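Novice: target11.tsv is reproduced in full below (TSV, C-alpha atoms).
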chain	number	residue	atom	x	y	z
Q	1	MET	CA	0.00	0.00	0.00
Q	2	LYS	CA	1.41	3.40	-0.99
Q	3	LEU	CA	2.05	6.17	1.48
Q	4	LYS	CA	1.82	9.91	0.92
Q	5	ILE	CA	5.54	10.44	1.50
Q	6	ASN	CA	8.01	9.27	-1.16
Q	7	GLU	CA	10.07	6.09	-1.08
Q	8	ALA	CA	13.37	7.97	-0.82
Q	9	LYS	CA	12.30	9.65	2.41
Q	10	VAL	CA	10.96	6.40	3.83
Q	11	SER	CA	14.31	4.77	3.04
Q	12	GLU	CA	16.12	7.53	4.93
Q	13	LEU	CA	13.78	7.16	7.89
Q	14	LYS	CA	14.31	3.40	7.93
Q	15	LYS	CA	18.08	3.83	8.08
Q	16	TYR	CA	17.65	6.34	10.89
Q	17	CYS	CA	15.48	3.90	12.88
Q	18	ASP	CA	17.87	0.99	12.30
Q	19	ASN	CA	20.62	3.15	13.77
Q	20	GLN	CA	18.59	3.72	16.94
Q	21	LEU	CA	18.49	0.07	18.05
Q	22	ASP	CA	21.49	0.35	20.37
Q	23	LEU	CA	20.02	3.45	21.98
Q	24	PHE	CA	16.61	1.77	22.23
Q	25	THR	CA	18.25	-1.12	24.07
Q	26	LYS	CA	19.92	1.28	26.51
Q	27	GLU	CA	16.74	3.29	27.04
Q	28	VAL	CA	14.43	0.33	27.59
Q	29	THR	CA	16.94	-1.17	30.02
Q	30	ALA	CA	17.32	2.06	31.99
Q	31	ILE	CA	13.55	2.50	32.18
Q	32	CYS	CA	12.84	-1.08	33.20
Q	33	GLU	CA	15.42	-1.04	35.98
Q	34	ILE	CA	13.63	1.82	37.76
Q	35	PRO	CA	10.87	0.10	39.81
Q	36	ALA	CA	7.50	1.68	39.07
Q	37	PRO	CA	4.40	-0.05	40.45
Q	38	SER	CA	1.17	1.90	40.01
Q	39	TYR	CA	1.21	5.00	42.26
Q	40	TYR	CA	5.02	4.73	42.66
Q	41	GLU	CA	6.15	6.01	39.25
Q	42	LEU	CA	7.85	9.26	40.32
Q	43	GLU	CA	11.48	8.15	39.89
Q	44	ARG	CA	10.75	6.68	36.47
Q	45	ALA	CA	8.84	9.85	35.58
Q	46	LYS	CA	11.87	11.97	36.48
Q	47	TYR	CA	14.03	9.89	34.15
Q	48	VAL	CA	11.57	10.17	31.25
Q	49	ALA	CA	11.20	13.93	31.78
Q	50	SER	CA	14.97	14.42	31.71
Q	51	ARG	CA	15.27	12.52	28.42
Q	52	MET	CA	12.48	14.54	26.82
Q	53	GLU	CA	14.14	17.78	27.93
Q	54	ASN	CA	17.33	16.67	26.19
Q	55	PHE	CA	15.36	16.49	22.94
Q	56	GLY	CA	13.97	20.01	23.15
Q	57	PHE	CA	10.57	19.35	24.71
Q	58	GLU	CA	9.01	21.45	27.45
Q	59	THR	CA	8.39	18.95	30.24
Q	60	SER	CA	6.50	18.75	33.50
Q	61	ILE	CA	5.38	16.08	35.98
Q	62	ASP	CA	1.85	16.47	37.31
Q	63	GLU	CA	0.32	15.41	40.62
Q	64	GLN	CA	-0.45	11.92	39.30
Q	65	TYR	CA	3.22	11.46	38.23
Q	66	ASN	CA	2.39	11.80	34.55
Q	67	VAL	CA	5.22	13.14	32.40
Q	68	ILE	CA	3.93	15.70	29.90
Q	69	ALA	CA	6.41	16.71	27.16
Q	70	TYR	CA	5.30	19.39	24.70
Q	71	LYS	CA	6.67	20.75	21.44
Q	72	GLU	CA	4.99	23.54	19.48
Q	73	GLY	CA	3.89	22.66	15.97
Q	74	ASN	CA	5.68	23.72	12.79
Q	75	ASN	CA	2.68	22.87	10.57
Q	76	LYS	CA	-0.62	24.07	12.00
Q	77	SER	CA	-2.64	22.36	9.24
Q	78	LYS	CA	-1.91	18.94	10.71
Q	79	PRO	CA	-3.82	17.36	13.63
Q	80	LYS	CA	-2.58	18.01	17.14
Q	81	LEU	CA	-1.40	14.70	18.55
Q	82	MET	CA	-0.84	13.03	21.88
Q	83	PHE	CA	1.33	9.91	22.07
Q	84	ALA	CA	0.99	8.19	25.45
Q	85	ALA	CA	2.87	5.26	26.99
Q	86	HIS	CA	2.16	4.08	30.52
Q	87	THR	CA	5.12	4.06	32.87
Q	88	ASP	CA	3.74	1.80	35.62
Q	89	THR	CA	4.12	-1.95	36.02
Q	90	VAL	CA	2.19	-4.71	37.79
Q	91	PHE	CA	5.16	-5.77	39.89
Q	92	PRO	CA	5.71	-4.92	43.59
Q	93	ILE	CA	8.40	-2.39	44.41
Q	94	GLU	CA	10.75	-5.06	45.78
Q	95	THR	CA	10.75	-7.10	42.52
Q	96	ASP	CA	14.18	-7.66	40.97
Q	97	VAL	CA	13.95	-5.75	37.67
Q	98	THR	CA	17.52	-6.29	36.54
Q	99	VAL	CA	17.61	-6.66	32.75
Q	100	THR	CA	19.61	-9.44	31.12
Q	101	ARG	CA	20.34	-9.94	27.43
Q	102	LYS	CA	20.62	-13.13	25.41
Q	103	GLY	CA	21.23	-12.54	21.72
Q	104	ASN	CA	18.56	-10.21	20.39
Q	105	GLN	CA	16.25	-10.52	23.37
Q	106	LEU	CA	16.00	-8.77	26.73
Q	107	PHE	CA	14.61	-10.42	29.86
Q	108	ALA	CA	13.08	-8.70	32.91
Q	109	PRO	CA	9.72	-8.06	34.58
Q	110	GLY	CA	8.04	-5.22	32.66
Q	111	ILE	CA	10.63	-5.07	29.89
Q	112	ARG	CA	8.04	-5.11	27.10
Q	113	ASP	CA	4.96	-4.02	29.08
Q	114	ASN	CA	5.53	-1.18	29.02
Q	115	SER	CA	9.17	-0.13	29.19
Q	116	ALA	CA	9.24	-0.62	25.42
Q	117	GLY	CA	6.38	1.81	24.87
Q	118	VAL	CA	8.04	4.43	27.06
Q	119	ALA	CA	11.35	4.00	25.23
Q	120	GLY	CA	9.40	4.28	21.98
Q	121	ILE	CA	8.00	7.72	22.74
Q	122	ILE	CA	11.39	8.90	24.03
Q	123	LEU	CA	12.99	7.94	20.71
Q	124	LEU	CA	10.06	9.49	18.86
Q	125	GLY	CA	10.88	12.73	20.69
Q	126	LYS	CA	14.51	12.36	19.60
Q	127	ALA	CA	13.42	11.82	15.98
Q	128	ILE	CA	11.16	14.86	16.02
Q	129	ASN	CA	14.07	16.91	17.32
Q	130	GLU	CA	16.61	15.63	14.80
Q	131	LEU	CA	14.61	15.03	11.61
Q	132	ASN	CA	12.65	17.41	9.46
Q	133	ILE	CA	9.23	16.07	10.46
Q	134	GLU	CA	6.30	18.41	10.01
Q	135	HIS	CA	3.83	18.31	12.87
Q	136	ASN	CA	1.29	20.37	14.72
Q	137	ASP	CA	1.48	20.79	18.50
Q	138	ILE	CA	2.54	17.45	19.92
Q	139	TYR	CA	2.42	15.96	23.40
Q	140	LEU	CA	4.46	12.92	24.41
Q	141	VAL	CA	3.03	11.67	27.70
Q	142	GLY	CA	4.26	9.03	30.10
Q	143	THR	CA	1.10	8.07	31.95
Q	144	ALA	CA	0.97	6.70	35.48
Q	145	CYS	CA	-1.50	4.22	36.94
Q	146	GLU	CA	-2.58	2.37	33.81
Q	147	GLU	CA	-2.28	-1.12	35.22
Q	148	GLY	CA	-4.77	-3.01	37.40
Q	149	LEU	CA	-6.27	-0.95	40.19
Q	150	GLY	CA	-4.36	2.04	38.88
Q	151	ASP	CA	-7.57	2.24	36.84
Q	152	LEU	CA	-6.17	4.42	34.02
Q	153	ASN	CA	-5.98	7.24	36.56
Q	154	GLY	CA	-2.90	8.72	34.89
Q	155	MET	CA	-4.63	9.07	31.54
Q	156	LYS	CA	-7.79	10.34	33.23
Q	157	VAL	CA	-5.80	13.21	34.74
Q	158	ALA	CA	-3.61	13.89	31.69
Q	159	PHE	CA	-6.51	13.81	29.26
Q	160	LYS	CA	-8.54	16.18	31.41
Q	161	THR	CA	-5.62	18.62	31.18
Q	162	LEU	CA	-4.97	18.21	27.46
Q	163	ARG	CA	-8.38	17.41	25.97
Q	164	ASP	CA	-8.92	20.84	24.41
Q	165	LYS	CA	-5.37	20.88	23.04
Q	166	ILE	CA	-5.35	17.64	21.04
Q	167	ASP	CA	-7.20	16.11	18.10
Q	168	TYR	CA	-6.03	12.49	18.19
Q	169	VAL	CA	-4.47	10.16	20.75
Q	170	ILE	CA	-2.11	7.28	20.01
Q	171	ALA	CA	-1.37	5.03	22.98
Q	172	VAL	CA	1.86	3.07	22.68
Q	173	ASP	CA	1.49	-0.30	24.36
Q	174	GLY	CA	1.19	-3.98	23.48
Q	175	ASN	CA	2.92	-6.01	20.80
Q	176	LEU	CA	3.92	-4.62	17.41
Q	177	GLY	CA	1.26	-5.27	14.76
Q	178	GLY	CA	-2.50	-4.83	14.89
Q	179	ILE	CA	-4.55	-1.77	15.76
Q	180	VAL	CA	-6.54	-1.42	18.98
Q	181	HIS	CA	-9.42	0.92	18.20
Q	182	GLY	CA	-11.95	-0.33	20.75
Q	183	GLY	CA	-11.85	0.10	24.50
Q	184	ILE	CA	-13.12	-2.74	26.69
Q	185	GLY	CA	-15.01	-1.20	29.60
Q	186	SER	CA	-14.72	-2.60	33.11
Q	187	ARG	CA	-16.22	-2.12	36.55
Q	188	ARG	CA	-14.45	-3.52	39.59
Q	189	LEU	CA	-15.96	-3.96	43.02
Q	190	SER	CA	-14.43	-4.61	46.42
Q	191	VAL	CA	-17.01	-6.43	48.57
Q	192	LYS	CA	-16.50	-6.74	52.32
Q	193	VAL	CA	-18.78	-8.92	54.47
Q	194	THR	CA	-18.80	-8.58	58.27
Q	195	THR	CA	-20.59	-10.42	61.11
Q	196	GLU	CA	-20.11	-11.03	64.84
Q	197	GLY	CA	-18.34	-14.33	64.27
Q	198	GLY	CA	-17.53	-16.72	67.10
Q	199	HIS	CA	-16.42	-20.23	68.00
Q	200	SER	CA	-17.27	-22.86	65.42
Q	201	TRP	CA	-18.83	-25.12	68.10
Q	202	GLY	CA	-20.04	-22.83	70.83
Q	203	ALA	CA	-21.48	-20.20	68.50
Q	204	PHE	CA	-22.63	-22.56	65.75
Q	205	GLY	CA	-25.50	-20.98	63.83
Q	206	VAL	CA	-24.11	-17.44	64.01
Q	207	PRO	CA	-23.79	-16.02	60.46
Q	208	SER	CA	-20.41	-16.59	58.83
Q	209	ALA	CA	-18.89	-13.96	56.58
Q	210	ILE	CA	-17.15	-16.67	54.56
Q	211	HIS	CA	-20.32	-18.74	54.11
Q	212	ALA	CA	-22.23	-15.66	52.94
Q	213	LEU	CA	-19.42	-14.72	50.59
Q	214	GLY	CA	-19.42	-18.25	49.17
Q	215	LYS	CA	-23.15	-18.04	48.46
Q	216	MET	CA	-22.65	-14.72	46.68
Q	217	ILE	CA	-19.90	-16.16	44.52
Q	218	SER	CA	-21.97	-19.25	43.69
Q	219	LYS	CA	-24.95	-17.18	42.57
Q	220	ILE	CA	-22.75	-14.72	40.63
Q	221	SER	CA	-21.19	-17.65	38.75
Q	222	GLU	CA	-24.64	-18.56	37.41
Q	223	ILE	CA	-25.24	-15.16	35.75
Q	224	GLU	CA	-25.66	-15.50	31.99
Q	225	VAL	CA	-23.99	-12.81	29.89
Q	226	PRO	CA	-24.12	-12.13	26.15
Q	227	LEU	CA	-21.51	-13.57	23.80
Q	228	SER	CA	-21.92	-10.50	21.60
Q	229	PRO	CA	-21.03	-7.91	22.65
Q	230	LYS	CA	-18.68	-10.05	24.70
Q	231	THR	CA	-19.23	-9.57	28.42
Q	232	SER	CA	-17.41	-11.30	31.29
Q	233	TYR	CA	-17.05	-11.43	35.05
Q	234	ASN	CA	-14.54	-12.89	37.48
Q	235	VAL	CA	-14.06	-13.11	41.24
Q	236	GLY	CA	-10.30	-12.79	41.28
Q	237	VAL	CA	-9.39	-12.45	44.99
Q	238	ILE	CA	-11.05	-13.75	48.15
Q	239	GLU	CA	-9.83	-13.22	51.69
Q	240	GLY	CA	-11.15	-13.79	55.21
Q	241	GLY	CA	-11.30	-15.92	58.30
Q	242	THR	CA	-9.17	-16.33	61.39
Q	243	SER	CA	-8.78	-20.06	62.00
Q	244	ILE	CA	-10.33	-23.39	61.09
Q	245	ASN	CA	-12.53	-23.37	64.20
Q	246	THR	CA	-13.63	-19.74	64.08
Q	247	ILE	CA	-16.84	-18.54	62.46
Q	248	ALA	CA	-15.49	-15.85	60.14
Q	249	ALA	CA	-16.29	-12.30	61.21
Q	250	LYS	CA	-14.76	-10.83	58.02
Q	251	ALA	CA	-14.44	-11.89	54.41
Q	252	SER	CA	-13.93	-10.00	51.18
Q	253	MET	CA	-13.68	-10.43	47.42
Q	254	LEU	CA	-12.66	-8.46	44.36
Q	255	ILE	CA	-14.95	-8.72	41.33
Q	256	ASP	CA	-13.95	-7.79	37.79
Q	257	MET	CA	-16.70	-7.18	35.19
Q	258	ARG	CA	-15.99	-6.32	31.55
Q	259	SER	CA	-17.82	-5.69	28.31
Q	260	LEU	CA	-17.40	-4.29	24.82
Q	261	ALA	CA	-20.56	-2.23	25.32
Q	262	LYS	CA	-21.90	0.01	28.06
Q	263	GLU	CA	-25.43	-1.39	28.46
Q	264	PRO	CA	-24.56	-5.07	29.14
Q	265	LEU	CA	-21.87	-3.93	31.58
Q	266	GLU	CA	-24.43	-1.87	33.49
Q	267	LYS	CA	-26.90	-4.79	33.49
Q	268	LEU	CA	-24.23	-7.18	34.76
Q	269	GLU	CA	-23.24	-4.90	37.60
Q	270	GLY	CA	-26.88	-4.49	38.56
Q	271	LYS	CA	-27.34	-8.27	38.78
Q	272	VAL	CA	-24.16	-8.68	40.83
Q	273	ARG	CA	-25.22	-5.98	43.27
Q	274	ASP	CA	-28.72	-7.52	43.56
Q	275	ILE	CA	-27.22	-10.92	44.44
Q	276	ILE	CA	-24.96	-9.39	47.08
Q	277	ASP	CA	-27.89	-7.51	48.66
Q	278	LEU	CA	-30.13	-10.60	48.58
Q	279	VAL	CA	-27.61	-12.89	50.28
Q	280	ALA	CA	-26.78	-10.20	52.84
Q	281	LYS	CA	-30.45	-10.02	53.85
Q	282	GLU	CA	-30.97	-13.78	53.85
Q	283	ASP	CA	-27.83	-14.48	55.92
Q	284	GLU	CA	-28.16	-11.36	58.08
Q	285	VAL	CA	-24.66	-10.09	57.42
Q	286	ASN	CA	-23.34	-6.61	56.81
Q	287	VAL	CA	-21.92	-5.73	53.41
Q	288	ASP	CA	-19.85	-2.82	52.16
Q	289	ILE	CA	-19.40	-2.43	48.39
Q	290	GLU	CA	-16.69	-0.12	47.05
Q	291	LEU	CA	-16.13	0.72	43.40
Q	292	VAL	CA	-12.38	0.28	42.89
Q	293	GLY	CA	-12.22	0.27	39.10
Q	294	ASP	CA	-14.09	2.13	36.37
Q	295	ARG	CA	-12.75	1.93	32.81
Q	296	PRO	CA	-15.19	3.36	30.28
Q	297	VAL	CA	-16.19	1.73	27.00
Q	298	GLY	CA	-15.17	3.33	23.70
Q	299	TYR	CA	-14.94	2.56	19.99
Q	300	LEU	CA	-13.54	4.21	16.87
Q	301	GLU	CA	-14.99	3.16	13.51
Q	302	THR	CA	-12.58	1.55	11.07
Q	303	ASN	CA	-13.30	4.16	8.39
Q	304	HIS	CA	-11.97	6.99	10.57
Q	305	GLU	CA	-8.84	8.79	9.30
Q	306	LEU	CA	-6.79	7.69	12.31
Q	307	VAL	CA	-7.57	4.00	11.85
Q	308	GLN	CA	-7.16	4.24	8.08
Q	309	THR	CA	-3.78	5.94	8.44
Q	310	ALA	CA	-2.60	3.27	10.85
Q	311	THR	CA	-3.87	0.58	8.50
Q	312	ASN	CA	-1.93	2.10	5.59
Q	313	VAL	CA	1.27	2.46	7.62
Q	314	LEU	CA	1.17	-1.02	9.13
Q	315	SER	CA	0.28	-2.60	5.79
Q	316	TYR	CA	3.19	-0.79	4.12
Q	317	LEU	CA	5.53	-2.13	6.79
Q	318	GLY	CA	4.26	-5.67	6.38
Q	319	LEU	CA	2.63	-5.74	9.80
Q	320	SER	CA	-0.78	-7.10	10.77
Q	321	THR	CA	-3.58	-4.55	10.41
Q	322	GLU	CA	-6.11	-6.60	12.35
Q	323	GLY	CA	-8.38	-4.47	14.51
Q	324	ALA	CA	-8.98	-5.30	18.15
Q	325	SER	CA	-10.48	-4.11	21.41
Q	326	SER	CA	-8.54	-3.99	24.65
Q	327	SER	CA	-8.30	-2.06	27.90
Q	328	THR	CA	-5.65	0.63	27.37
Q	329	ASP	CA	-5.06	4.34	27.89
Q	330	ALA	CA	-7.02	4.84	24.65
Q	331	ASN	CA	-10.23	3.98	26.56
Q	332	ILE	CA	-10.36	7.43	28.11
Q	333	PRO	CA	-10.31	9.60	24.97
Q	334	LEU	CA	-12.49	7.09	23.09
Q	335	SER	CA	-15.15	7.25	25.81
Q	336	GLN	CA	-15.24	11.04	25.46
Q	337	GLY	CA	-15.51	11.16	21.69
Q	338	VAL	CA	-11.86	11.89	20.89
Q	339	PRO	CA	-10.36	9.55	18.24
Q	340	ALA	CA	-7.74	7.22	19.71
Q	341	ILE	CA	-5.93	4.01	18.90
Q	342	CYS	CA	-3.23	1.89	20.51
Q	343	LEU	CA	-0.14	0.57	18.71
Q	344	GLY	CA	2.77	-1.57	19.92
Q	345	VAL	CA	6.42	-0.72	19.36
Q	346	THR	CA	8.05	-4.18	19.42
Q	347	SER	CA	7.26	-7.83	20.00
Q	348	GLY	CA	7.70	-9.94	23.09
Q	349	LYS	CA	5.89	-12.39	25.34
Q	350	TYR	CA	5.04	-13.33	28.91
Q	351	ALA	CA	3.64	-9.91	29.88
Q	352	HIS	CA	2.87	-9.62	33.60
Q	353	ARG	CA	5.28	-12.47	34.33
Q	354	GLU	CA	8.72	-12.13	35.89
Q	355	ASP	CA	10.27	-13.99	32.93
Q	356	GLU	CA	8.95	-11.42	30.42
Q	357	ILE	CA	10.80	-11.19	27.10
Q	358	LEU	CA	11.36	-8.33	24.63
Q	359	ASP	CA	12.58	-8.70	21.05
Q	360	ILE	CA	15.08	-5.96	20.19
Q	361	GLU	CA	15.22	-5.90	16.38
Q	362	PRO	CA	11.51	-5.26	15.66
Q	363	ALA	CA	11.78	-2.00	17.64
Q	364	SER	CA	13.33	-0.39	14.55
Q	365	THR	CA	10.12	-1.07	12.63
Q	366	GLY	CA	8.07	0.01	15.64
Q	367	LEU	CA	9.80	3.38	15.79
Q	368	LEU	CA	9.46	3.81	12.02
Q	369	GLN	CA	5.75	3.09	12.41
Q	370	LEU	CA	5.36	5.97	14.90
Q	371	ILE	CA	7.31	8.38	12.71
Q	372	LEU	CA	5.26	7.43	9.64
Q	373	MET	CA	2.06	8.02	11.60
Q	374	LEU	CA	3.28	11.58	12.16
Q	375	GLU	CA	4.23	12.02	8.52
Q	376	GLU	CA	1.03	10.51	7.10
Q	377	LEU	CA	-1.36	12.39	9.39
Let's see the structure in the file written out as C-alpha cells.
Specialist:
Amino acid sequence: MKLKINEAKVSELKKYCDNQLDLFTKEVTAICEIPAPSYYELERAKYVASRMENFGFETSIDEQYNVIAYKEGNNKSKPKLMFAAHTDTVFPIETDVTVTRKGNQLFAPGIRDNSAGVAGIILLGKAINELNIEHNDIYLVGTACEEGLGDLNGMKVAFKTLRDKIDYVIAVDGNLGGIVHGGIGSRRLSVKVTTEGGHSWGAFGVPSAIHALGKMISKISEIEVPLSPKTSYNVGVIEGGTSINTIAAKASMLIDMRSLAKEPLEKLEGKVRDIIDLVAKEDEVNVDIELVGDRPVGYLETNHELVQTATNVLSYLGLSTEGASSSTDANIPLSQGVPAICLGVTSGKYAHREDEILDIEPASTGLLQLILMLEEL
C-alpha cells in the first residue's frame, strides 16, 4: 500500500530507525530497571522527563506522576497529537527488575509491558528533534497508573488537562502489529462482608462472613452474559477468616466485570449488586461495596482517518492490520468522543510475568511506524 511520503524519504527514515536500536536497548533497560508499580512512578517519571528535555521538549510532571512533554507545531494544518505510553508496572516495588540480554532478546519483569512503549515515545521525541518532520502541537506523555487498580488514573488526569489541546491520541502499548481501536469497559468492586463471628462449636448458627461470601460467589457464577457484545465477570481475589474453628467475622472479594458495550456492563453490575444484597439479607450479614475500578467503554470506527492511516502504515511495513479491542489508555479519549488508537512498538511475550521477554530488532520497525504516523497524518 502506498504512502503519501516518497520512497526515498521512507528509506532515509528506515536507516535512521535501524541506527537507533542500540540506543533503544539502553533506554528500555534504563527505564525497566527503575521500579514503578502503580502510584510509585515518580522516579521513572523523572528519568523520562529528563530525556524529553534533552530532545527540546518542554516537560512537566503532574500530581499523578504523569510526564507531559510538549513541542509547538511547525505545521498548523496537521492534527494536534498526543502519544501516550504508561510508565507503571504490575510488579511490587521489591521485585528484581535487573535486565539481562541473550542474543537479540532482553529479559526482565516489565521489559516489554511497558518499558518498550516508554522508550518508543522517548525515541520518537529524539526523531522529532533531529529530523525534518512536520507536525502540529505534539504531546508525548508518560502516563501513570494504567495497570490493574491504577484504573487508568494517569490518563484520566492527563486527558482532562490536554483534551482541548489535542485532536487524536495514540497510545503506545502492546505487541507490534495490529490496531486497537476499541476500548473494553470494566467495573471492579471490592465487597467486604462482616458479622459477629464466634467459636465454630459454641457459637454454631451465628452467620459466617465466609459462608455468605461463598453463596454470593456461587450465585454470581450462574449469571448468563451475552456472547456478543462479549461480556465477562470474574471473582479474582477472596480473603477472610481467622482459623479453622472460628466462624469468620470478616471476608472480602474483588470482582472484575468487563464488556465491549456500556449497556450489558451496566446490566451485569446491577445483577451482581442484587445478588450481594439478597444474600446479605438472607444471611443477616453486613456488606460494604466499594467501586475500585471504572474503565469506560469506547470505539472508533474503522473508516476513521486515524484507523485508516494506521492501516496504511502497518500494511506498508508488512505488519498485521487486524483491529482489536482492549483495555488501554485509549479507553479514556475514546469514551469522550476523541479519536484514539493503541499501537505496539516491538514484539515480546510473557507480559505480567517475571520472565517477560522483549525482542530488540523489531523496535526499529516500531519506531518507524510511529514516525510514519506523524508524517502521514
Novice: Ranking Q:Lys250, Q:Thr311, Q:Ala119, Q:Gln64 by minimum distance to Leu372 (chain Q) and counting all atoms listed in the file, which one comes first?
Specialist: Q:Thr311
Novice: Give me the residues within 9 Å of Thr89 (chain Q) as a PyMOL selection string, counting only C-alpha atoms and dropping any in the same chain fewer than 2 places off.
Specialist: chain Q and resi 35-38+41+86-87+91-92+109-110+113-115+145-147+352
Novice: Point out the residue among Q:Ile133, Q:Leu278, Q:Ala84, Q:Ala127 with the least atom-to-atom distance to Gly56 (chain Q), counting only C-alpha atoms.
Specialist: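 The shortest atom-to-atom distance to Gly56 (chain Q) comes from Q:Ala127.
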Novice: For the interface of region 105-207 of chain Q with region 213-216 of chain Q (cut-off 12 Å, counting all atoms listed in the file), please tabulate each contacting residue of region 105-207 of chain Q alongside its nearest pair of atoms and their separation in Å to one decimal, rows sorted by chain and increasing number, as a tab-separated table.
Specialist:
residue	atom	partner	partner_atom	distance
Q:Val191	CA	Q:Leu213	CA	8.9
Q:Lys192	CA	Q:Leu213	CA	8.7
Q:Val193	CA	Q:Leu213	CA	7.0
Q:Thr194	CA	Q:Leu213	CA	9.9
Q:Thr195	CA	Q:Leu213	CA	11.4
Q:Pro207	CA	Q:Leu213	CA	10.9
Novice: Atoms to include: C-alpha atoms. Write the selected residues as a CSV table (one decimal), keeping the file's coordinate frame.
Specialist:
chain,number,residue,atom,x,y,z
Q,191,VAL,CA,-17.0,-6.4,48.6
Q,192,LYS,CA,-16.5,-6.7,52.3
Q,193,VAL,CA,-18.8,-8.9,54.5
Q,194,THR,CA,-18.8,-8.6,58.3
Q,195,THR,CA,-20.6,-10.4,61.1
Q,207,PRO,CA,-23.8,-16.0,60.5
Novice: To one decimal in Å, tell me the separation between CA of Cys17 (chain Q) and CA of Glu130 (chain Q).
Specialist: 11.9 Å
Novice: Separation of CA of Leu291 (chain Q) and CA of Tyr233 (chain Q), in Å?
Specialist: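 Answer for the CA of Leu291 (chain Q) to CA of Tyr233 (chain Q) separation: 14.8 Å.
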Novice: Under the rule that only C-alpha atoms are counted, which of Q:Val97, Q:Ala330, Q:Ile357, Q:Val297 is the nearest residue to Thr143 (chain Q)?
Specialist: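 Closest candidate: Q:Ala330.
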Novice: Would you compute the distance between CA of Phe107 (chain Q) and CA of Arg51 (chain Q)? Give it in Å to one decimal.
Specialist: 23.0 Å
Novice: Hey, could you make a per-residue contact list for region 145-230 of chain Q against region 345-350 of chain Q with 9 Å as the cut-off, showing the nearest pair of atoms and its distance in Å to one decimal, counting only C-alpha atoms, sorted by chain and number, as JSON lines?
Specialist:
{"residue": "Q:Val172", "atom": "CA", "partner": "Q:Val345", "partner_atom": "CA", "distance": 6.8}
{"residue": "Q:Asp173", "atom": "CA", "partner": "Q:Val345", "partner_atom": "CA", "distance": 7.0}
{"residue": "Q:Gly174", "atom": "CA", "partner": "Q:Val345", "partner_atom": "CA", "distance": 7.4}
{"residue": "Q:Asn175", "atom": "CA", "partner": "Q:Ser347", "partner_atom": "CA", "distance": 4.8}
{"residue": "Q:Leu176", "atom": "CA", "partner": "Q:Thr346", "partner_atom": "CA", "distance": 4.6}
{"residue": "Q:Gly177", "atom": "CA", "partner": "Q:Val345", "partner_atom": "CA", "distance": 8.3}
Novice: Nearest to Ile31 (chain Q): which of Q:Ala116, Q:Gly73, Q:Lys102, Q:Gly183 is it, counting all atoms listed in the file?
Specialist: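 Of all the options, Q:Ala116 lies closest to Ile31 (chain Q).
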